[in-house]
Amino acid sequence: MVSQEQRRRQLAREKFLRQQQRRTEARRKARVRNSVIASVLGVVLIGSLALYTTGVLKQDDDKTNAGAEVTPSASPTSKAPDPCDKPAGGKPKSKTWKKEPALSIDESAKYTMKLDTTCGEIDVALKASAAPHTVNSFDFLAGQGYFDHTRCHRLTTNGIFVLQCGDPTGTGTGGPGYTIPDENLKDKSLKDNIYPAGTVAMANTGQKNSGGSQFFLVYQDSELPPSYTPFGTVSEAGMKVLKKIAKAGESTGAGDGAPNATVVIDKATVTKS
């Protein structure tokens, strides 16, 4: 019999797998809805202006809409103070490429990715020999300034515990224009479908070989199917930064939303040692 805890984890995993596809459809519908709302507001604004100029609409804070039906609003959710600094000046780049960059890294060498974020520095030891296409892609994109000034757009705090970054659009739907193959899915660190704290892995659409530029950093052991390329490990100091971000929580209160902390990658660099 499946326990409640196992069922909860299963639902969390399924939600994680579906998230990218659902967000794309939701944003398409939102664009249509917002277009309609904008048109209606335009009509209301014109009508209100006409009433105001003829003296029919009067300014009265105490009596305005006194007889109108009032819909109760949700009580404001208490939110932890933002533990991060303001982002450095600059905007994310929108450039994309038609194909994966040619493999140019030295697979026998050691590579480190440094994320200078508004919340602190996160150093990641990259697994060049185990995930050469992934590390090569990050080396290329970092060199292009692709990750600079990008916001980490997603934090999960229920079932799985990850911070997701790497999308210049900040919507969860952006990418570099190309995809890279899945790699290292049998990494020794992945035991019993657990991505251990400190793992850095590729996000994807749920389809094989669909990774682009989005990645997630695991701040607490998370049960996930081994479908996400693990390509790095966060340093001890970097884990403290992740814990600080996680402690501030996410915006929806449901365990999956934008971080309350202002997490922006001011600069990303990949170095060979």
# chains A, B, ... in the order shown; residues from 1 in each chain; ligands from 1
>>> residues_around(residues="segment 116-121 of chain A", least_positions_apart="6", cutoff="7 Å", atoms="only C-alpha atoms", output="short mmCIF file (atom, residue, chain, number, x, y, z; two decimals) with N, CA and C atoms, in the first residue's frame")
data_model
loop_
_atom_site.label_atom_id
_atom_site.label_comp_id
_atom_site.auth_asym_id
_atom_site.auth_seq_id
_atom_site.Cartn_x
_atom_site.Cartn_y
_atom_site.Cartn_z
N PRO A 83 16.30 38.94 2.05
CA PRO A 83 17.66 38.89 2.57
C PRO A 83 18.73 39.29 1.55
N CYS A 84 18.31 39.70 0.37
CA CYS A 84 19.27 39.93 -0.73
C CYS A 84 19.37 41.40 -1.09
N ASP A 85 20.45 41.74 -1.79
CA ASP A 85 20.71 43.11 -2.20
C ASP A 85 20.00 43.43 -3.51
N LYS A 86 20.04 44.70 -3.87
CA LYS A 86 19.49 45.12 -5.15
C LYS A 86 20.37 44.63 -6.29
N PRO A 87 19.78 44.27 -7.43
CA PRO A 87 20.58 43.79 -8.57
C PRO A 87 21.48 44.89 -9.12
N GLY A 238 28.31 28.13 -0.84
CA GLY A 238 27.16 28.34 -1.72
C GLY A 238 25.88 27.77 -1.14
N VAL A 241 24.14 30.17 1.06
CA VAL A 241 23.39 31.16 0.29
C VAL A 241 22.03 30.59 -0.12
N VAL A 263 16.47 37.13 -6.10
CA VAL A 263 17.62 36.33 -6.51
C VAL A 263 17.95 36.63 -7.98
N VAL A 264 18.98 37.43 -8.18
CA VAL A 264 19.40 37.79 -9.54
C VAL A 264 20.87 37.43 -9.70
N ILE A 265 21.19 36.79 -10.81
CA ILE A 265 22.59 36.48 -11.12
C ILE A 265 23.19 37.72 -11.77
N ASP A 266 23.98 38.47 -11.02
CA ASP A 266 24.62 39.65 -11.60
C ASP A 266 25.65 39.27 -12.64
N LYS A 267 26.39 38.19 -12.36
CA LYS A 267 27.44 37.74 -13.28
C LYS A 267 27.69 36.26 -13.10
N ALA A 268 27.79 35.54 -14.22
CA ALA A 268 28.13 34.11 -14.19
C ALA A 268 29.41 33.89 -14.98
#
>>> residues_around(residues="segment 131-142 of chain A", least_positions_apart="2", cutoff="9 Å", atoms="only C-alpha atoms", output="ChimeraX atom specification")
/A:100-107,111,113,126-129,144-148,176,180-184,202,211-213,229-232,267-271
>>> write_last_selection(atoms="N, CA, C and O atoms", output="short mmCIF file (atom, residue, chain, number, x, y, z; two decimals), in the first residue's frame")
data_model
loop_
_atom_site.label_atom_id
_atom_site.label_comp_id
_atom_site.auth_asym_id
_atom_site.auth_seq_id
_atom_site.Cartn_x
_atom_site.Cartn_y
_atom_site.Cartn_z
N GLU A 100 23.55 23.83 -30.87
CA GLU A 100 24.46 23.67 -29.74
C GLU A 100 25.88 24.05 -30.16
O GLU A 100 26.32 23.70 -31.26
N PRO A 101 26.62 24.76 -29.30
CA PRO A 101 28.00 25.12 -29.65
C PRO A 101 28.88 23.88 -29.78
O PRO A 101 28.65 22.86 -29.13
N ALA A 102 29.87 23.99 -30.63
CA ALA A 102 30.81 22.88 -30.84
C ALA A 102 31.52 22.56 -29.53
O ALA A 102 31.83 23.45 -28.73
N LEU A 103 31.76 21.29 -29.31
CA LEU A 103 32.41 20.84 -28.08
C LEU A 103 33.86 21.31 -28.07
O LEU A 103 34.67 20.92 -28.92
N SER A 104 34.20 22.16 -27.10
CA SER A 104 35.55 22.75 -27.08
C SER A 104 36.22 22.66 -25.72
O SER A 104 37.38 23.04 -25.58
N ILE A 105 35.53 22.15 -24.70
CA ILE A 105 36.16 22.08 -23.38
C ILE A 105 37.12 20.89 -23.32
O ILE A 105 37.05 19.96 -24.12
N ASP A 106 38.01 20.93 -22.34
CA ASP A 106 38.92 19.83 -22.07
C ASP A 106 38.25 18.93 -21.04
O ASP A 106 38.12 19.30 -19.86
N GLU A 107 37.78 17.78 -21.46
CA GLU A 107 37.00 16.90 -20.58
C GLU A 107 37.81 16.37 -19.40
O GLU A 107 37.24 15.90 -18.41
N TYR A 111 36.55 22.30 -14.06
CA TYR A 111 35.88 23.57 -14.35
C TYR A 111 35.02 23.96 -13.16
O TYR A 111 34.43 23.11 -12.48
N MET A 113 31.99 26.89 -12.00
CA MET A 113 31.07 27.98 -12.36
C MET A 113 30.84 28.83 -11.11
O MET A 113 30.52 28.30 -10.05
N LEU A 126 31.99 21.78 -11.56
CA LEU A 126 31.32 21.18 -12.71
C LEU A 126 31.90 19.81 -13.05
O LEU A 126 33.10 19.56 -12.86
N LYS A 127 31.06 18.93 -13.58
CA LYS A 127 31.46 17.56 -13.92
C LYS A 127 31.70 17.46 -15.42
O LYS A 127 30.89 16.92 -16.17
N ALA A 128 32.85 17.97 -15.84
CA ALA A 128 33.14 18.06 -17.27
C ALA A 128 33.25 16.69 -17.94
O ALA A 128 32.76 16.50 -19.06
N SER A 129 33.85 15.74 -17.26
CA SER A 129 34.04 14.42 -17.89
C SER A 129 32.75 13.63 -17.96
O SER A 129 32.52 12.87 -18.88
N GLN A 144 29.20 34.31 -23.14
CA GLN A 144 28.38 35.24 -23.92
C GLN A 144 27.62 36.22 -23.02
O GLN A 144 26.91 37.09 -23.52
N GLY A 145 27.75 36.07 -21.70
CA GLY A 145 27.01 36.92 -20.78
C GLY A 145 25.53 36.59 -20.72
O GLY A 145 24.71 37.40 -20.28
N TYR A 146 25.18 35.37 -21.14
CA TYR A 146 23.78 34.98 -21.26
C TYR A 146 23.06 34.96 -19.91
O TYR A 146 21.87 35.30 -19.83
N PHE A 147 23.76 34.57 -18.86
CA PHE A 147 23.12 34.46 -17.55
C PHE A 147 23.16 35.76 -16.74
O PHE A 147 22.49 35.86 -15.72
N ASP A 148 23.93 36.73 -17.19
CA ASP A 148 24.08 37.98 -16.44
C ASP A 148 22.76 38.74 -16.35
O ASP A 148 22.05 38.88 -17.35
N PRO A 176 18.07 29.08 -24.84
CA PRO A 176 19.09 29.63 -25.74
C PRO A 176 18.82 29.41 -27.23
O PRO A 176 19.61 29.82 -28.06
N ILE A 180 20.33 20.42 -25.57
CA ILE A 180 21.51 19.57 -25.40
C ILE A 180 21.07 18.19 -24.94
O ILE A 180 19.99 18.04 -24.36
N PRO A 181 21.89 17.18 -25.17
CA PRO A 181 21.49 15.82 -24.79
C PRO A 181 21.53 15.60 -23.28
O PRO A 181 22.29 16.25 -22.56
N ASP A 182 20.69 14.69 -22.81
CA ASP A 182 20.75 14.27 -21.41
C ASP A 182 22.07 13.55 -21.17
O ASP A 182 22.56 12.80 -22.04
N GLU A 183 22.64 13.74 -20.00
CA GLU A 183 23.92 13.12 -19.67
C GLU A 183 23.95 12.72 -18.20
O GLU A 183 23.20 13.25 -17.37
N ASN A 184 24.81 11.78 -17.88
CA ASN A 184 25.16 11.46 -16.50
C ASN A 184 23.95 11.07 -15.64
O ASN A 184 23.93 11.33 -14.44
N MET A 202 20.09 19.93 -14.78
CA MET A 202 19.36 20.61 -15.85
C MET A 202 17.86 20.44 -15.68
O MET A 202 17.37 19.36 -15.38
N GLY A 211 16.92 19.70 -22.58
CA GLY A 211 17.53 20.74 -21.75
C GLY A 211 18.04 21.89 -22.59
O GLY A 211 18.46 21.70 -23.73
N GLY A 212 17.99 23.09 -22.03
CA GLY A 212 18.47 24.27 -22.74
C GLY A 212 19.44 25.05 -21.87
O GLY A 212 20.63 24.73 -21.81
N SER A 213 18.95 26.07 -21.19
CA SER A 213 19.79 26.87 -20.30
C SER A 213 19.31 26.85 -18.85
O SER A 213 20.04 27.24 -17.94
N THR A 229 19.86 15.92 -15.96
CA THR A 229 21.31 15.81 -16.00
C THR A 229 21.96 16.47 -14.78
O THR A 229 21.91 17.70 -14.63
N PRO A 230 22.62 15.70 -13.90
CA PRO A 230 23.38 16.31 -12.81
C PRO A 230 24.77 16.68 -13.34
O PRO A 230 25.50 15.83 -13.83
N PHE A 231 25.11 17.96 -13.25
CA PHE A 231 26.37 18.37 -13.86
C PHE A 231 27.25 19.21 -12.94
O PHE A 231 28.30 19.71 -13.37
N GLY A 232 26.87 19.34 -11.67
CA GLY A 232 27.71 20.12 -10.77
C GLY A 232 27.32 19.94 -9.31
O GLY A 232 26.27 19.37 -9.00
N LYS A 267 26.39 38.19 -12.36
CA LYS A 267 27.44 37.74 -13.28
C LYS A 267 27.69 36.26 -13.10
O LYS A 267 27.75 35.76 -11.98
N ALA A 268 27.79 35.54 -14.22
CA ALA A 268 28.13 34.11 -14.19
C ALA A 268 29.41 33.89 -14.98
O ALA A 268 29.55 34.40 -16.10
N THR A 269 30.33 33.16 -14.39
CA THR A 269 31.60 32.86 -15.08
C THR A 269 31.93 31.39 -14.92
O THR A 269 31.64 30.79 -13.88
N VAL A 270 32.54 30.82 -15.94
CA VAL A 270 33.04 29.46 -15.89
C VAL A 270 34.54 29.52 -16.12
O VAL A 270 35.01 30.13 -17.09
N THR A 271 35.31 28.91 -15.21
CA THR A 271 36.77 28.94 -15.32
C THR A 271 37.34 27.54 -15.31
O THR A 271 36.79 26.63 -14.69
#
>>> atom_distance(atom1="atom CA of Cys165 of chain A", atom2="atom CA of Asn193 of chain A")
22.0 Å
